[in-house]
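See below for data.txt, which holds compact mmCIF, C-alpha atoms.
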```
# COMPACT_ATOMS: atom_id res chain seq x y z
CA MET A 1 -70.92 -52.87 -19.17
CA THR A 2 -68.37 -53.53 -16.47
CA THR A 3 -67.99 -51.46 -13.31
CA ILE A 4 -64.86 -53.22 -12.07
CA ALA A 5 -61.77 -51.02 -12.12
CA PRO A 6 -58.88 -52.64 -14.00
CA THR A 7 -55.68 -53.49 -12.24
CA ALA A 8 -52.78 -51.10 -12.72
CA PRO A 9 -49.56 -52.36 -14.31
CA THR A 10 -47.36 -54.38 -11.99
CA SER A 11 -43.62 -54.19 -11.50
CA ILE A 12 -41.24 -56.73 -12.93
CA ALA A 13 -37.63 -57.35 -12.00
CA SER A 14 -35.31 -54.72 -13.45
CA THR A 15 -33.13 -57.45 -14.94
CA ASP A 16 -36.09 -58.49 -17.08
CA LEU A 17 -36.94 -55.01 -18.31
CA ASP A 18 -34.86 -55.08 -21.48
CA THR A 19 -36.19 -58.51 -22.48
CA GLU A 20 -39.80 -57.49 -21.78
CA THR A 21 -39.40 -54.16 -23.60
CA ARG A 22 -37.77 -55.72 -26.65
CA ALA A 23 -40.62 -58.20 -26.94
CA MET A 24 -43.19 -55.41 -26.62
CA LEU A 25 -41.43 -53.32 -29.28
CA GLN A 26 -41.26 -56.30 -31.63
CA ARG A 27 -45.02 -56.75 -31.26
CA ALA A 28 -45.51 -53.04 -31.88
CA ARG A 29 -43.30 -53.15 -34.98
CA ALA A 30 -45.30 -56.07 -36.40
CA ALA A 31 -48.55 -54.22 -35.66
CA ALA A 32 -47.25 -51.05 -37.34
CA VAL A 33 -46.57 -53.01 -40.54
CA GLN A 34 -50.19 -54.21 -40.55
CA LEU A 35 -51.59 -50.81 -39.60
CA ALA A 36 -49.76 -48.70 -42.19
CA PRO A 37 -51.90 -49.85 -45.17
CA ALA A 38 -55.13 -50.04 -43.14
CA SER A 39 -58.12 -48.32 -44.71
CA THR A 40 -59.49 -45.04 -43.43
CA ALA A 41 -62.80 -46.80 -42.83
CA ALA A 42 -61.17 -49.36 -40.52
CA LYS A 43 -59.33 -46.70 -38.55
CA ASN A 44 -62.46 -44.61 -38.20
CA LEU A 45 -64.39 -47.66 -37.06
CA PHE A 46 -61.79 -48.16 -34.32
CA LEU A 47 -62.30 -44.54 -33.24
CA ALA A 48 -66.08 -44.96 -33.23
CA HIS A 49 -65.74 -47.97 -30.93
CA VAL A 50 -63.34 -46.04 -28.66
CA ALA A 51 -65.80 -43.15 -28.32
CA ARG A 52 -68.62 -45.57 -27.59
CA LEU A 53 -66.64 -47.51 -25.00
CA VAL A 54 -65.50 -44.35 -23.20
CA VAL A 55 -69.17 -43.49 -22.68
CA GLU A 56 -70.30 -47.02 -21.85
CA GLN A 57 -67.45 -47.66 -19.43
CA THR A 58 -67.67 -44.29 -17.68
CA PRO A 59 -68.53 -45.88 -14.28
CA ALA A 60 -65.45 -48.14 -14.41
CA ILE A 61 -63.20 -45.31 -15.59
CA LEU A 62 -64.39 -42.97 -12.84
CA LEU A 63 -63.92 -45.70 -10.25
CA ALA A 64 -60.34 -46.20 -11.41
CA ASN A 65 -59.75 -42.45 -11.43
CA ALA A 66 -61.11 -42.14 -7.88
CA MET A 67 -58.41 -44.58 -6.74
CA ASP A 68 -55.73 -42.43 -8.34
CA LEU A 69 -57.18 -39.25 -6.84
CA GLU A 70 -57.30 -40.81 -3.39
CA SER A 71 -53.62 -41.74 -3.63
CA ALA A 72 -52.68 -38.28 -4.92
CA GLN A 73 -54.57 -36.55 -2.11
CA ALA A 74 -52.93 -38.80 0.47
CA ALA A 75 -49.55 -37.83 -1.01
CA GLY A 76 -50.36 -34.13 -0.52
CA ARG A 77 -50.56 -33.20 -4.20
CA ASN A 78 -51.68 -29.62 -4.85
CA ALA A 79 -54.96 -28.52 -6.41
CA ALA A 80 -53.49 -27.94 -9.88
CA PHE A 81 -52.07 -31.49 -9.93
CA LEU A 82 -55.41 -32.94 -8.86
CA ASP A 83 -57.12 -30.93 -11.60
CA ARG A 84 -54.87 -32.47 -14.24
CA LEU A 85 -55.51 -35.94 -12.84
CA ARG A 86 -59.27 -35.69 -12.29
CA LEU A 87 -61.77 -37.20 -14.73
CA THR A 88 -65.49 -36.42 -14.62
CA GLU A 89 -68.53 -37.57 -16.52
CA LYS A 90 -68.41 -34.27 -18.42
CA SER A 91 -64.72 -34.60 -19.27
CA LEU A 92 -65.27 -38.16 -20.50
CA GLN A 93 -68.10 -36.96 -22.72
CA SER A 94 -65.71 -34.34 -24.10
CA LEU A 95 -63.03 -36.99 -24.59
CA ALA A 96 -65.43 -39.16 -26.59
CA ALA A 97 -66.38 -36.13 -28.67
CA ALA A 98 -62.71 -35.40 -29.36
CA VAL A 99 -62.21 -38.96 -30.60
CA ARG A 100 -65.16 -38.55 -32.96
CA GLU A 101 -63.60 -35.31 -34.21
CA VAL A 102 -60.39 -37.18 -35.03
CA ALA A 103 -62.45 -39.71 -37.00
CA ALA A 104 -64.01 -36.85 -38.97
CA LEU A 105 -60.63 -35.41 -39.95
CA PRO A 106 -59.07 -36.26 -43.33
CA ASP A 107 -56.73 -39.24 -43.24
CA PRO A 108 -53.21 -37.93 -43.94
CA VAL A 109 -51.78 -41.34 -44.85
CA GLY A 110 -51.19 -41.67 -48.59
CA ALA A 111 -51.95 -38.02 -49.32
CA ILE A 112 -49.91 -36.49 -52.15
CA THR A 113 -48.65 -33.14 -50.90
CA SER A 114 -46.88 -32.00 -54.06
CA GLY A 115 -45.85 -33.20 -57.50
CA SER A 116 -43.86 -32.19 -60.53
CA ARG A 117 -42.74 -33.49 -63.94
CA ARG A 118 -38.99 -33.43 -64.44
CA PRO A 119 -37.43 -32.53 -67.83
CA ASN A 120 -36.50 -36.19 -68.32
CA GLY A 121 -40.14 -37.24 -67.92
CA LEU A 122 -39.98 -38.52 -64.32
CA ASP A 123 -43.19 -37.91 -62.40
CA VAL A 124 -42.06 -36.93 -58.87
CA ARG A 125 -44.54 -36.92 -55.99
CA ARG A 126 -44.34 -36.40 -52.23
CA GLN A 127 -46.57 -38.67 -50.19
CA ARG A 128 -47.45 -38.77 -46.50
CA VAL A 129 -46.65 -42.04 -44.71
CA PRO A 130 -46.76 -43.15 -41.05
CA LEU A 131 -43.73 -42.75 -38.79
CA GLY A 132 -43.96 -46.35 -37.51
CA VAL A 133 -43.85 -46.92 -33.74
CA ILE A 134 -44.29 -43.93 -31.45
CA GLY A 135 -43.50 -43.89 -27.74
CA MET A 136 -45.54 -41.55 -25.56
CA ILE A 137 -44.23 -40.86 -22.05
CA TYR A 138 -46.44 -38.60 -19.97
CA GLU A 139 -47.52 -37.60 -16.48
CA SER A 140 -50.70 -36.77 -14.58
CA ARG A 141 -53.24 -36.41 -17.38
CA PRO A 142 -54.92 -39.79 -18.12
CA ASN A 143 -56.92 -38.37 -21.05
CA VAL A 144 -53.61 -38.33 -22.96
CA THR A 145 -53.87 -42.13 -23.14
CA VAL A 146 -56.90 -41.91 -25.40
CA ASP A 147 -55.87 -38.77 -27.29
CA ALA A 148 -52.47 -40.24 -28.17
CA ALA A 149 -53.86 -43.62 -29.22
CA ALA A 150 -56.58 -42.03 -31.35
CA LEU A 151 -54.15 -39.79 -33.22
CA CYS A 152 -51.41 -42.38 -33.64
CA VAL A 153 -53.72 -45.08 -35.00
CA LYS A 154 -55.54 -42.67 -37.35
CA ALA A 155 -52.10 -41.66 -38.70
CA GLY A 156 -51.19 -45.32 -39.22
CA ASN A 157 -48.77 -45.68 -36.31
CA ALA A 158 -48.47 -48.17 -33.49
CA VAL A 159 -48.04 -46.53 -30.10
CA VAL A 160 -46.48 -47.49 -26.77
CA LEU A 161 -48.08 -45.54 -23.92
CA ARG A 162 -46.15 -45.05 -20.70
CA GLY A 163 -48.26 -42.95 -18.34
CA GLY A 164 -47.24 -41.91 -14.86
CA SER A 165 -47.75 -44.03 -11.76
CA GLU A 166 -50.00 -41.32 -10.30
CA ALA A 167 -52.63 -42.17 -12.97
CA ALA A 168 -51.96 -45.92 -13.15
CA HIS A 169 -55.53 -47.09 -12.57
CA SER A 170 -57.08 -44.53 -14.91
CA ASN A 171 -54.57 -45.30 -17.67
CA ALA A 172 -55.17 -49.03 -17.27
CA ALA A 173 -58.92 -48.50 -17.68
CA PHE A 174 -58.34 -46.58 -20.90
CA LEU A 175 -55.79 -49.08 -22.22
CA LYS A 176 -58.28 -51.90 -21.67
CA LEU A 177 -60.95 -50.26 -23.81
CA LEU A 178 -58.47 -49.21 -26.52
CA ARG A 179 -57.26 -52.79 -26.91
CA GLU A 180 -60.87 -53.96 -26.88
CA ALA A 181 -61.72 -51.60 -29.75
CA LEU A 182 -58.85 -52.50 -32.10
CA PRO A 183 -59.93 -56.06 -33.07
CA LEU A 184 -63.54 -54.87 -33.38
CA ALA A 185 -62.29 -52.78 -36.31
CA GLY A 186 -60.11 -55.55 -37.73
CA LEU A 187 -56.90 -53.84 -36.58
CA PRO A 188 -54.01 -55.48 -34.70
CA GLN A 189 -54.45 -55.30 -30.93
CA ASP A 190 -50.74 -54.68 -30.39
CA ALA A 191 -51.03 -51.35 -32.20
CA VAL A 192 -51.65 -49.92 -28.71
CA GLN A 193 -49.57 -51.22 -25.82
CA ALA A 194 -48.16 -50.16 -22.46
CA PRO A 195 -45.11 -51.42 -20.56
CA ALA A 196 -45.84 -53.98 -17.86
CA SER A 197 -43.66 -52.06 -15.40
CA LEU A 198 -43.94 -48.51 -14.10
CA GLN A 199 -40.35 -48.48 -12.83
CA HIS A 200 -38.33 -45.49 -14.02
CA LYS A 201 -35.80 -47.95 -15.43
CA ALA A 202 -38.52 -49.14 -17.81
CA ILE A 203 -38.41 -45.72 -19.49
CA ASP A 204 -34.65 -46.07 -19.98
CA ALA A 205 -35.18 -49.45 -21.64
CA LEU A 206 -38.00 -48.14 -23.82
CA VAL A 207 -36.07 -45.19 -25.30
CA SER A 208 -32.60 -46.69 -25.51
CA ILE A 209 -33.16 -49.78 -27.66
CA PRO A 210 -32.02 -49.01 -31.22
CA GLY A 211 -34.52 -50.05 -33.86
CA GLY A 212 -37.39 -49.98 -31.38
CA LEU A 213 -39.28 -46.71 -31.35
CA ASP A 214 -39.21 -44.43 -34.37
CA LEU A 215 -40.01 -41.41 -32.21
CA VAL A 216 -40.50 -40.70 -28.51
CA ILE A 217 -42.59 -37.80 -27.18
CA PRO A 218 -42.07 -37.01 -23.48
CA ARG A 219 -44.87 -34.86 -22.09
CA GLY A 220 -44.52 -33.69 -18.52
CA GLY A 221 -42.25 -31.83 -16.14
CA THR A 222 -38.69 -30.72 -16.75
CA ALA A 223 -37.28 -33.65 -14.79
CA LEU A 224 -39.07 -36.21 -16.98
CA ILE A 225 -38.01 -34.58 -20.25
CA ASP A 226 -34.41 -34.16 -19.13
CA ALA A 227 -34.32 -37.81 -18.02
CA VAL A 228 -35.56 -39.00 -21.42
CA ASN A 229 -33.09 -36.78 -23.29
CA ARG A 230 -30.17 -38.14 -21.28
CA VAL A 231 -30.71 -41.77 -22.25
CA ALA A 232 -32.67 -41.71 -25.53
CA ARG A 233 -31.11 -43.36 -28.55
CA VAL A 234 -34.14 -42.60 -30.72
CA PRO A 235 -35.44 -39.21 -31.94
CA VAL A 236 -37.14 -37.10 -29.25
CA ILE A 237 -39.73 -34.35 -29.67
CA GLN A 238 -40.02 -32.28 -26.51
CA HIS A 239 -43.29 -31.13 -25.00
CA TYR A 240 -41.33 -28.82 -22.72
CA GLN A 241 -42.17 -26.11 -20.22
CA GLY A 242 -44.94 -23.62 -20.85
CA VAL A 243 -43.48 -20.37 -19.53
CA CYS A 244 -46.10 -18.27 -21.32
CA HIS A 245 -46.23 -14.45 -21.21
CA VAL A 246 -48.99 -11.96 -21.90
CA PHE A 247 -47.75 -8.47 -22.83
CA VAL A 248 -50.19 -5.61 -22.26
CA HIS A 249 -49.00 -2.98 -24.75
CA ALA A 250 -49.46 0.78 -24.34
CA ALA A 251 -52.23 0.67 -26.96
CA ALA A 252 -54.14 -2.19 -25.32
CA ASP A 253 -57.86 -1.99 -24.68
CA LEU A 254 -57.81 -2.51 -20.91
CA GLU A 255 -61.27 -4.07 -20.83
CA VAL A 256 -60.07 -6.68 -23.31
CA ALA A 257 -56.78 -6.99 -21.44
CA GLU A 258 -58.50 -7.70 -18.13
CA ARG A 259 -60.67 -10.42 -19.66
CA VAL A 260 -57.81 -12.08 -21.54
CA VAL A 261 -55.24 -11.90 -18.72
CA VAL A 262 -57.60 -13.47 -16.17
CA ASN A 263 -58.59 -16.23 -18.59
CA ALA A 264 -55.00 -16.97 -19.59
CA LYS A 265 -53.91 -17.31 -15.98
CA ALA A 266 -56.90 -18.54 -14.01
CA GLN A 267 -59.19 -20.53 -16.32
CA ARG A 268 -57.05 -23.64 -15.82
CA PRO A 269 -53.74 -22.75 -14.16
CA GLY A 270 -52.25 -26.23 -14.06
CA VAL A 271 -51.79 -26.66 -17.82
CA CYS A 272 -48.88 -25.76 -20.07
CA ASN A 273 -50.66 -23.04 -22.05
CA ALA A 274 -51.68 -21.06 -18.97
CA ALA A 275 -49.97 -17.68 -18.66
CA GLU A 276 -47.25 -17.48 -16.03
CA ALA A 277 -46.11 -13.87 -16.43
CA ILE A 278 -47.95 -10.64 -17.21
CA LEU A 279 -45.80 -7.89 -18.73
CA ILE A 280 -47.15 -4.34 -18.52
CA ASP A 281 -45.98 -1.50 -20.75
CA ALA A 282 -44.54 1.24 -18.51
CA ALA A 283 -46.49 3.86 -20.48
CA ILE A 284 -49.79 2.61 -19.00
CA ALA A 285 -48.54 0.93 -15.82
CA ASP A 286 -50.11 3.46 -13.43
CA VAL A 287 -53.58 2.54 -14.76
CA ALA A 288 -53.10 -1.05 -15.96
CA VAL A 289 -51.22 -2.48 -12.99
CA PRO A 290 -53.82 -1.73 -10.28
CA ARG A 291 -56.68 -2.83 -12.52
CA LEU A 292 -55.09 -6.13 -13.56
CA VAL A 293 -53.76 -6.92 -10.09
CA ASP A 294 -57.25 -6.48 -8.63
CA ALA A 295 -58.78 -8.64 -11.39
CA LEU A 296 -56.25 -11.42 -10.87
CA ARG A 297 -56.64 -11.33 -7.11
CA ALA A 298 -60.42 -11.54 -7.50
CA ALA A 299 -59.85 -14.74 -9.50
CA GLY A 300 -57.80 -16.20 -6.66
CA VAL A 301 -54.37 -15.51 -8.15
CA GLU A 302 -51.37 -14.57 -6.02
CA VAL A 303 -49.50 -11.83 -7.90
CA ARG A 304 -45.75 -11.56 -7.50
CA GLY A 305 -44.67 -8.08 -8.48
CA CYS A 306 -41.39 -6.59 -9.65
CA PRO A 307 -40.22 -3.41 -7.83
CA ARG A 308 -42.01 -1.18 -10.36
CA THR A 309 -45.22 -3.14 -9.83
CA GLN A 310 -44.82 -2.98 -6.06
CA ALA A 311 -44.39 0.79 -6.20
CA LEU A 312 -47.90 1.04 -7.64
CA VAL A 313 -49.70 -1.60 -5.55
CA HIS A 314 -47.28 -2.51 -2.78
CA ASP A 315 -50.00 -3.80 -0.43
CA ARG A 316 -51.58 -6.16 -2.98
CA VAL A 317 -48.65 -8.15 -4.37
CA VAL A 318 -45.89 -10.40 -3.08
CA ALA A 319 -42.37 -9.22 -3.84
CA ALA A 320 -40.98 -11.12 -6.82
CA THR A 321 -37.50 -12.63 -6.75
CA GLU A 322 -35.12 -13.58 -9.55
CA ALA A 323 -36.51 -17.13 -9.35
CA ASP A 324 -39.89 -15.89 -10.56
CA ASP A 325 -38.54 -14.92 -13.98
CA GLY A 326 -38.96 -17.95 -16.23
CA CYS A 327 -40.87 -19.93 -13.59
CA GLU A 328 -43.63 -22.32 -14.64
CA TYR A 329 -45.90 -22.17 -11.60
CA LEU A 330 -48.73 -24.41 -12.88
CA ASP A 331 -50.77 -22.86 -10.08
CA LEU A 332 -52.77 -19.74 -9.21
CA ILE A 333 -49.60 -17.63 -9.09
CA ALA A 334 -48.47 -15.06 -11.65
CA LEU A 335 -45.48 -12.78 -12.08
CA MET A 336 -46.27 -9.18 -13.01
CA ARG A 337 -43.42 -7.12 -14.40
CA VAL A 338 -43.42 -3.58 -15.80
CA VAL A 339 -41.29 -3.33 -18.97
CA ASP A 340 -40.10 -0.45 -21.12
CA GLY A 341 -42.34 -0.68 -24.13
CA LEU A 342 -42.52 -3.29 -26.86
CA GLN A 343 -38.78 -3.83 -27.01
CA GLY A 344 -38.64 -4.38 -23.26
CA ALA A 345 -41.28 -7.10 -23.57
CA ILE A 346 -39.50 -8.73 -26.50
CA ASP A 347 -36.19 -8.72 -24.60
CA HIS A 348 -37.78 -10.25 -21.50
CA ILE A 349 -39.51 -13.01 -23.45
CA ARG A 350 -36.32 -13.82 -25.35
CA ALA A 351 -34.54 -14.19 -22.02
CA PHE A 352 -37.16 -16.20 -20.13
CA GLY A 353 -39.65 -17.71 -22.61
CA SER A 354 -39.79 -21.43 -23.35
CA LEU A 355 -40.83 -21.30 -27.06
CA HIS A 356 -44.36 -22.36 -26.09
CA THR A 357 -46.96 -19.54 -26.27
CA GLU A 358 -46.61 -15.76 -26.16
CA ALA A 359 -49.35 -13.12 -26.44
CA ILE A 360 -49.63 -9.40 -27.07
CA LEU A 361 -52.69 -7.30 -26.30
CA THR A 362 -52.83 -4.13 -28.40
CA THR A 363 -54.91 -2.11 -30.85
CA ASP A 364 -51.74 -1.06 -32.70
CA LEU A 365 -51.39 -3.41 -35.67
CA ASN A 366 -47.81 -2.32 -36.34
CA ALA A 367 -46.82 -3.21 -32.78
CA ALA A 368 -48.64 -6.53 -33.09
CA GLN A 369 -46.81 -7.38 -36.31
CA ARG A 370 -43.44 -6.47 -34.83
CA PHE A 371 -44.18 -8.72 -31.84
CA VAL A 372 -45.15 -11.59 -34.15
CA ASP A 373 -42.04 -11.10 -36.29
CA GLN A 374 -39.58 -10.94 -33.39
CA ILE A 375 -40.96 -13.50 -30.93
CA ASP A 376 -39.92 -17.14 -31.33
CA ALA A 377 -42.66 -19.40 -29.96
CA SER A 378 -44.66 -22.35 -31.22
CA CYS A 379 -47.74 -20.10 -31.15
CA VAL A 380 -47.97 -16.29 -30.99
CA MET A 381 -51.32 -14.80 -29.98
CA VAL A 382 -52.59 -11.30 -30.78
CA ASN A 383 -55.48 -10.15 -28.57
CA ALA A 384 -56.33 -13.70 -27.49
CA SER A 385 -55.70 -15.94 -24.50
CA THR A 386 -52.68 -18.23 -24.42
CA ARG A 387 -55.14 -21.02 -23.59
CA PHE A 388 -55.99 -21.30 -27.29
CA ASN A 389 -52.65 -22.95 -28.10
CA ASP A 390 -54.32 -26.33 -28.16
CA GLY A 391 -54.85 -28.85 -30.92
CA GLY A 392 -58.62 -28.86 -30.56
CA CYS A 393 -58.87 -25.06 -30.50
CA LEU A 394 -56.62 -24.72 -33.55
CA GLY A 395 -58.55 -27.21 -35.68
CA LEU A 396 -56.39 -30.32 -35.28
CA GLY A 397 -58.96 -32.36 -33.36
CA ALA A 398 -57.05 -33.83 -30.44
CA GLU A 399 -53.32 -33.29 -29.98
CA ILE A 400 -50.54 -35.58 -28.91
CA GLY A 401 -48.62 -32.69 -27.38
CA ILE A 402 -47.25 -29.22 -28.05
CA SER A 403 -43.77 -29.45 -29.48
CA THR A 404 -41.29 -26.82 -28.36
CA SER A 405 -38.68 -28.48 -30.54
CA LYS A 406 -38.51 -27.50 -34.21
CA LEU A 407 -37.74 -30.83 -35.88
CA HIS A 408 -39.99 -32.03 -37.29
CA ALA A 409 -42.96 -30.32 -35.62
CA TYR A 410 -43.44 -27.01 -33.80
CA GLY A 411 -46.57 -26.35 -31.79
CA PRO A 412 -49.61 -28.64 -31.31
CA MET A 413 -49.05 -32.00 -32.96
CA GLY A 414 -52.06 -33.41 -34.75
CA LEU A 415 -52.43 -36.06 -37.43
CA GLU A 416 -50.07 -34.58 -40.03
CA SER A 417 -47.30 -34.23 -37.43
CA LEU A 418 -47.51 -37.99 -36.84
CA THR A 419 -46.60 -38.71 -40.45
CA THR A 420 -43.62 -37.93 -42.62
CA GLU A 421 -43.19 -37.36 -46.33
CA ARG A 422 -41.47 -39.65 -48.79
CA PHE A 423 -40.81 -39.34 -52.51
CA VAL A 424 -42.63 -41.61 -54.98
CA VAL A 425 -41.25 -41.47 -58.54
CA PHE A 426 -42.93 -42.85 -61.68
CA GLY A 427 -40.84 -43.30 -64.78
CA GLN A 428 -40.89 -44.90 -68.21
CA GLY A 429 -37.55 -46.65 -68.10
CA GLN A 430 -35.32 -43.58 -67.57
CA ILE A 431 -31.71 -44.18 -66.56
CA ARG A 432 -29.20 -41.72 -65.14
CA THR A 433 -26.18 -40.91 -67.28
```

Could you quickly redo this structure as structure tokens?
Amino acid sequence: MTTIAPTAPTSIASTDLDTETRAMLQRARAAAVQLAPASTAAKNLFLAHVARLVVEQTPAILLANAMDLESAQAAGRNAAFLDRLRLTEKSLQSLAAAVREVAALPDPVGAITSGSRRPNGLDVRRQRVPLGVIGMIYESRPNVTVDAAALCVKAGNAVVLRGGSEAAHSNAAFLKLLREALPLAGLPQDAVQAPASLQHKAIDALVSIPGGLDLVIPRGGTALIDAVNRVARVPVIQHYQGVCHVFVHAAADLEVAERVVVNAKAQRPGVCNAAEAILIDAAIADVAVPRLVDALRAAGVEVRGCPRTQALVHDRVVAATEADDGCEYLDLIALMRVVDGLQGAIDHIRAFGSLHTEAILTTDLNAAQRFVDQIDASCVMVNASTRFNDGGCLGLGAEIGISTSKLHAYGPMGLESLTTERFVVFGQGQIRT
């Protein structure tokens, strides 16, 4: 067991980026060809080794993470950012468990999803196959390195991992153990790679070379995703903003509402499925607003209130501005807005939601169904916290991200989302006339 922190990726001259990236993508393409027909047993063996190495190399990983945290603190990063960056012995145990859960999931590769016999005797089947080479570009959260590699390899894909510079040492520690585990399972080591450079220009090279990546998934802030979209010449699935709302309907159980609202906002405020806005039905505002404001404040949340909210609790909220509508705080801050019934909530979410997660709290099943039918989001919750829009919570094992695009995945992306379907046709010599 080593306790020496690995060295973070080093910069290379920008003029060499295209050459270096092309070579890396060629290695990834060759590895993907070998990985696609790999047995489920081999892929699960890789995952078993990854889980074991995460536990065994915990001291080295935590040492690397401490270096990243020290740099982030020196740069004045806020508490929510540090929370996303921080690894602990407990979180590494959970990460290893998540990898084992992926190993326990059915292998989607080769699965026949449907079949039919045509009038001319052709036996037509649809079969799941890997996508090929996936690029993952992400910020802050080093656990994504392992989650993404575990899912991509189990689904038969090679993966190129480009984490942020703020987690460079942590990501390098994880990359080292991932590449150690692959040959132990008889799989090509180049199935998991990372660019040698952390320059922003390296991202441009990675996503703009035709015939390189089959798919790129940017996971981070708006600036990162917009930057990838501007230059990408390969398909992009966006893990975009999480401007998540919780609507407390007139028929809500306020005890349930208090518990869910506080959890959705304060349990882990720096993640994309945390609630950013609490909408209160005007019919119960005089009772619900004071109760929920006090509960949020007790959890350390700064509440920014609309004029109708302020009229009820003017001394306990900060006046909201137009900028608060549609804002992803990623912090212990929440907008509270009083709306005119169910339609008012639907109209507000349509105007300011980000297609991520929306929730309604109500005992009125008709109102709940109308909300579900009329709200467009990758996950709609009824009487549950927005924090449950997560691959692990929804039965996918780990997730590679939460897609707010609609092609070809919408919501948490697990193993099936990292494959596609092709047609396989068996005949007996039929010809088309």

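If you measure from each of A:Ser403, A:Ser170, A:Thr362, A:Gln26 to A:Val54 using all atoms listed in the file, the closest one turns out to be A:Ser170.
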
Exercise. Once you count all atoms listed in the file, which residues end up no further than 7 Å from (-67.6, -42.1, -37.3) in the file's frame, shown as a ChimeraX atom specification?
Worked result: /A:44-45,48,100,103-104

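We find atom CA of A:Ala298 and atom CA of A:Arg141 to be spaced 27.7 Å apart.
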
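Counting from atom CA of A:Gly186, the distance to atom CA of A:Leu131 is 20.8 Å.
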
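Across the model, the gap from atom CA of A:Gly110 to atom CA of A:Arg128 is 5.2 Å.
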
For this session: Show which residues sit within 10 Å of A:Gly392, as a PyMOL selection string. Count all atoms listed in the file, and ignore same-chain residues fewer than 2 positions away.
Result: chain A and resi 98+101-102+388-390+394-399+412+414

Hey, could you make a per-residue contact list for stretch 230-267 of chain A against stretch 206-224 of chain A with 7 Å as the cut-off, showing the nearest pair of atoms and its distance in Å to one decimal, counting all atoms listed in the file, sorted by chain and number, as a tab-separated table?
```
residue	atom	partner	partner_atom	distance
A:Val231	CA	A:Ser208	CA	6.2
A:Ala232	CA	A:Val207	CA	4.9
A:Arg233	CA	A:Ser208	CA	4.7
A:Val234	CA	A:Leu215	CA	6.2
A:Pro235	CA	A:Leu215	CA	5.1
A:Val236	CA	A:Val216	CA	5.0
A:Ile237	CA	A:Ile217	CA	5.1
A:Gln238	CA	A:Pro218	CA	6.0
A:His239	CA	A:Arg219	CA	5.0
A:Tyr240	CA	A:Thr222	CA	6.8
A:Gln241	CA	A:Thr222	CA	6.7
```

Problem set entry | Contact residues around A:Leu177 with all atoms listed in the file at 10 Å, ignoring same-chain residues under 6 positions, as a ChimeraX atom specification | /A:49-54,57,61,146

Problem set entry | For A:Ser378: contacts at 10 Å, all atoms listed in the file, fewer than 5 positions along chain excluded, given as a list in words | Ser354, Leu355, His356, Thr357, Glu358, Asn389, Ile402, Ser403, Thr404, Ser405, Lys406, Ala409, Tyr410, Gly411 and Pro412 of chain A

Exercise. Smallest atom-to-atom distance to A:Glu276: which of A:Arg316, A:Arg22, A:Arg337, A:His249, using all atoms listed in the file?
Worked result: A:Arg337

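Here the question is which of A:Asn273, A:Ser140, A:Asn157, A:Thr433 gets nearest to A:Arg77 using all atoms listed in the file, and that residue is A:Ser140.
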
Could you work out an axis-aligned bounding box for all listed atoms of stretch 202-208 of chain A, with 3 Å added on each of the six sides, and give its centre and edge lengths in Å to one decimal, as lines of an AutoDock Vina configuration file?
```
center_x = -35.6
center_y = -47.3
center_z = -21.7
size_x = 11.9
size_y = 10.3
size_z = 13.7
```

Problem set entry | Option closest in space to A:Ala64, from A:His169, A:Arg291, A:Lys201, A:Lys154 [counting only C-alpha atoms] | A:His169

For this session: Give as a list in words each residue that has an atom at most 9 Å from (-44.0, -3.0, -16.8) in the file, counting all atoms listed in the file.
Result: Phe247, Val248, Ile278, Leu279, Ile280, Asp281, Ala282, Ala283, Ile284, Ala285, Val289, Cys306, Arg308, Thr309, Met336, Arg337, Val338, Val339, Asp340, Gly341, Gly344 and Ala345 of chain A

Go ahead and write the selection's residues with C-alpha atoms as a CSV table (one decimal), keeping the file's coordinate frame.
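The new file result11.csv reads:
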```
chain,number,residue,atom,x,y,z
A,247,PHE,CA,-47.8,-8.5,-22.8
A,248,VAL,CA,-50.2,-5.6,-22.3
A,278,ILE,CA,-48.0,-10.6,-17.2
A,279,LEU,CA,-45.8,-7.9,-18.7
A,280,ILE,CA,-47.2,-4.3,-18.5
A,281,ASP,CA,-46.0,-1.5,-20.8
A,282,ALA,CA,-44.5,1.2,-18.5
A,283,ALA,CA,-46.5,3.9,-20.5
A,284,ILE,CA,-49.8,2.6,-19.0
A,285,ALA,CA,-48.5,0.9,-15.8
A,289,VAL,CA,-51.2,-2.5,-13.0
A,306,CYS,CA,-41.4,-6.6,-9.6
A,308,ARG,CA,-42.0,-1.2,-10.4
A,309,THR,CA,-45.2,-3.1,-9.8
A,336,MET,CA,-46.3,-9.2,-13.0
A,337,ARG,CA,-43.4,-7.1,-14.4
A,338,VAL,CA,-43.4,-3.6,-15.8
A,339,VAL,CA,-41.3,-3.3,-19.0
A,340,ASP,CA,-40.1,-0.4,-21.1
A,341,GLY,CA,-42.3,-0.7,-24.1
A,344,GLY,CA,-38.6,-4.4,-23.3
A,345,ALA,CA,-41.3,-7.1,-23.6
```

Problem set entry | Long-range neighbours of stretch 179-183 of chain A as a ChimeraX atom specification, 8 Å cut-off, only C-alpha atoms, 4 positions minimum in chain | /A:46-47,49-50,53,175,187-193

For this session: Name all residues at most 12 Å from A:Arg297 (count only C-alpha atoms; drop same-chain ones fewer than 6 positions away) and give them as a ChimeraX atom specification.
Result: /A:258,261-262,265-266,289-291,303-304,316-318,332-334

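Minimum atom-to-atom distances from A:Ala150, A:Ala172, A:Val160, A:Ala288 to A:Ala60 were compared using all atoms listed in the file, and the lowest value belongs to A:Ala172.
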